[in-house]
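Inspection log for the structure reproduced underneath, given as structure tokens.
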Amino acid sequence: MKVVVVESPAKAKTINKYLGQDYRVLASMGHVRDLPPKDGSVDPEHDFAMLWQVDGRGEKHLKEIARAVKGAEQLILATDPDREGEAISWHIAEELIRRKALAKTDVQRVVFYEITKKAIQEAMLHPRELNRELIDAYLARRALDYLVGFTLSPILWRKLPGSRSAGRVQSVALRLICEREAEIEVFRAQEYWSVDVRVANAKGESFLARLTHLNGEKLDKFGLANETAAKAAVEILESASGLKVSSVQRKEARRNPYPAFTTSTLQQEASRKLGFGASRTMRLAQQLYEGVDLGGETVGLITYMRTDGVTVAGEAIEGARRVIAERFGPSYLPASPRIYKTKAKNAQEAHEAIRPTELGRSPRDMARHLNEDQRKLYDLIWTRMLASQMESARLDQVAVDIDTEGGAARLRANGSVVVFPGFLALYQEGRDDAKGDETKGDEAEGDRRLPQVNEGETISRQEVVSEQHFTQPPPRYSEASIVKKFEELGIARPSTYASIIQVLQDRNYVRLEKRRLVPEDRGRVVTAFLSSFFKRYVEYGFTADMEEQLDDISGGRKDWKAVLRQFWADFSTAIAGTKDLSITAVIDALDEDLGPHFFPADPENPDREPRLCRACGTGRLGLRLGRTGGFIGCSNYPECRFTRSLAAAANGEGDANGEMTGPLELGPDPETGLMVTLRKGPFGLYVQLGEPVGKEKPKRSSLPKGLALEDVTLEKALALLALPRTIGQHPDDREPVLAGLGRFGPYVKHGSTYRSIPADEDVTTIGLNRAVTLIAEAPARRGAAAGKEIGVHPADSKPITLHSGRYGPYVKHGKIIASLPKSVEPDGLTLDQAVELIAARAEATGKKKPAKKAAKKKAPAKKSAPKKKAARKVG
């Protein structure tokens, strides 16, 4: 018997079918051991000795593997074909050796990049030893991540209340997102104009041309900076006596297809085209890789999904060419196969690109075997692979220059016509446009055809149109664009992109909003702290260099412990430098770093002091640190208790993306003269009357769900602040009927009866008649009055009582509580029924049943007299 170990049960089941009865395939369920999350798991003082710990789940699977290998002739470690997979195999082997479970068992390692019968059987014919260099690269990465996380995080906890953790790569990723947000916040739109002219040739065929030169000078983007300049240009064009074609340039352009997917490009395209997040994409790809049931046989549909290589096996290329010839014809098939080479930093050429295991399995044929998400992703992978081997697209591009009489102005018209679509007939790559929205990249340029014109030809002018434009802020990162940035900078690995993004969200450093990554206040402060006191370790170049060193370790070019020694020598010095760092010094550094973003100058009112406290009129606003993190506070504290969340807001109202950040003044309260403001807190939007005075908190009210920001007027805010309000007296008992806002939303109340107000009704305007109707419609409480005694329990003579609770009526006996079934009406409940319910509940919960009441002792009887039994009570 040979024992094979893979990572997942799904993979184990499939491979066991391929290998037959002579093999037993088990799943390790990923890593079986890891560094325990405590100080000392990596010991730099003892040459980076690492303490490994097997968790409960890992122990279960290790025991199963250990039992299986006893007496087995061979243990085949067949975990994933990357560093992480190599590490899992190493951990399993090390633990089995430590447990003396591999005394006479031969241990081999096999790798495969697709789960098909042919690939598995071929892999079994070529076993190898564990790759020590890949294992060393894993150990170095794991030690680095541990040393940074478990050394830096405690400093964050002490110096930055509310912060969660720091990480070697996650902190760099967070810096990227925070810096982009800072760029957006300081962005100021710049005006510019364009002038287009609709012209026509001699045949009357019209087309559009744009003004590019004026008065002998070429216009750049801001050449027409305002409406005055644009009007002057329009006047020159409208007064020109004639237009003539000065040049016609024609050229043929070729557009080549893209290579099959890497992990990075798959995550980017799935985000743009399908709206899938990185984690979702990888989860679906894992399912397609591990296999789906195709009519009784489980088959892996794609190759291994964690790769940064773009090479493809020769047989896959031939399969793609056959499908192209059959489906599109010979004109779409290049004369020779396309061979791609990886351009990304740190790429491992050994791994194939992500492709279908069999190109003959079309998305249409596979649709009935897949769920909707799986089908979409498989279609994307299949289409991209097929397109990568198709003929290039050919386009005719034309550029026409048109001059006015006298040469005062020149126009340019551009046209592009697809002569032969090639791969574009099947696949067009998505891209992020200037605003960050997904567009189809190849279609974005358009198929704009120009009519036939010749040099020297006179052109007629039909219409001159000027248009105003404003520059746009850089877009926030989407999951697609941040992954692309990771790849460009050479930070992290394709296999870790998804987990990095997820960790930032789990730590509440970043949130995903409208498919864009938005830094939270907590994340902004952490980034500022690390940039101020650990600048080197959040630099993109440093992180990329560490990735290259890890690749050198995996390639056998560097010793892993030498890399760790060099890193720790510098890092421990930086850590020691923060030992005497005071909170005041931290606040000052953060205030200086973040101040320009949190307190931007008002371009329309440059004399206004951006840090002046609006509440007291004399204090200076600055960064403060509280138990839950950073916030903006006044220097006149405690006399002035003005605070707001961290957000750089233009005029204190909104950011460059139009989102509310600081307090928005709605107007003064007519009765008190206090300012009413709209604010954003940790639990959402709310309105507030005035500012804190001493220890007295101002009156506040949350916004009801569904109330839009733009609908919050001063009148509406005052109505909300007046809650709870008395609507009137109930006609039955003259008791007041109230309307208010609670933790579960708006409600009306009469006595102890509450009734929610429907979402389409307004708590501030609801009338007495409607409130009485809602209260009358409230479901009547089942059961009698709380605490009504049903009788005494026959076992101990203690009372059984009937109650009405939040979840319905119940009976109680001592500490035992039993709910009444819906079939039992409380008013008709008998003692026998109550006793049965109590007994059933006691048995279900394991509580002691009521002890039987002991019989009274009788006088001693003569030995010859038979002992009488106590009479049994019948309930």
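To be explicit about the labels: the chains of the structure tokens are called A, B, and onward in the order shown, and within each one the residues are counted from 1, while ligands get numbers from 1 in the order they are shown.
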Stretch 230-260 of chain A residues near stretch 369-386 of chain A within 12 Å, closest pair each, using only C-alpha atoms, as CSV:
```
residue,atom,partner,partner_atom,distance
A:Pro257,CA,A:Arg384,CA,8.9
A:Tyr258,CA,A:Arg384,CA,7.6
A:Pro259,CA,A:Met385,CA,7.2
A:Ala260,CA,A:Met385,CA,4.8
```
Would you mind listing what lies within 8 Å of A:Pro36 as a PyMOL selection string, with only C-alpha atoms counted and same-chain residues fewer than 6 positions away left out?
chain A and resi 51-53
Write out as a PyMOL selection string the residues lying within 7 Å of A:His813, counting only C-alpha atoms and excluding same-chain residues fewer than 2 positions away.
chain A and resi 799-801+811+815-817
So which residues touch stretch 348-364 of chain A within 8 Å, counting only C-alpha atoms, skipping near sequence neighbours fewer than 3 positions away, as a PyMOL selection string?
chain A and resi 113-114+116+260-263+300-305+307-313+316+319-320+323+342+367+375+378-379+381-382+385-386
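Neighbours of A:Phe420 closer than or equal to 7 Å, with only C-alpha atoms counted and sequence neighbours fewer than 6 positions away skipped, come out as Ala393, Arg394 and Leu395 of chain A.
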Need to verify the contact set: A:Val195, 10 Å, only C-alpha atoms, exclusion of same-chain residues closer than 3 positions in sequence. Can you return it as a PyMOL selection string?
chain A and resi 209-212+224+230-231+233-234+237+411+464-468
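Of the listed residues (A:Ala739, A:Leu426, A:Ala173, A:Ile317), A:Ala173 comes nearest to A:Glu487; the distances count only C-alpha atoms.
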Can you list, as a PyMOL selection string, every protein, DNA or RNA residue that comes within 7 Å of A:Gln267 when you count only C-alpha atoms, leaving out same-chain residues fewer than 4 positions away?
chain A and resi 263+271+278+281+480
Now that the selection is made, can you save its residues with C-alpha atoms as a PDB file, in the first residue's frame?
```pdb
ATOM      1  CA  THR A 263      -2.893  34.757 -10.575  1.00  0.00           C
ATOM      2  CA  SER A 271     -12.806  42.042 -10.644  1.00  0.00           C
ATOM      3  CA  ALA A 278      -9.746  38.560  -5.053  1.00  0.00           C
ATOM      4  CA  THR A 281     -11.929  34.546  -7.418  1.00  0.00           C
ATOM      5  CA  ALA A 480      -8.099  44.856  -9.434  1.00  0.00           C
TER       6      ALA A 480
END
```
Counting only C-alpha atoms, which residue out of A:Arg322, A:Leu489, A:Pro337, A:Leu243 sits closest to A:Ile402?
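Among A:Arg322, A:Leu489, A:Pro337, A:Leu243, it is A:Leu243 that comes nearest to A:Ile402.
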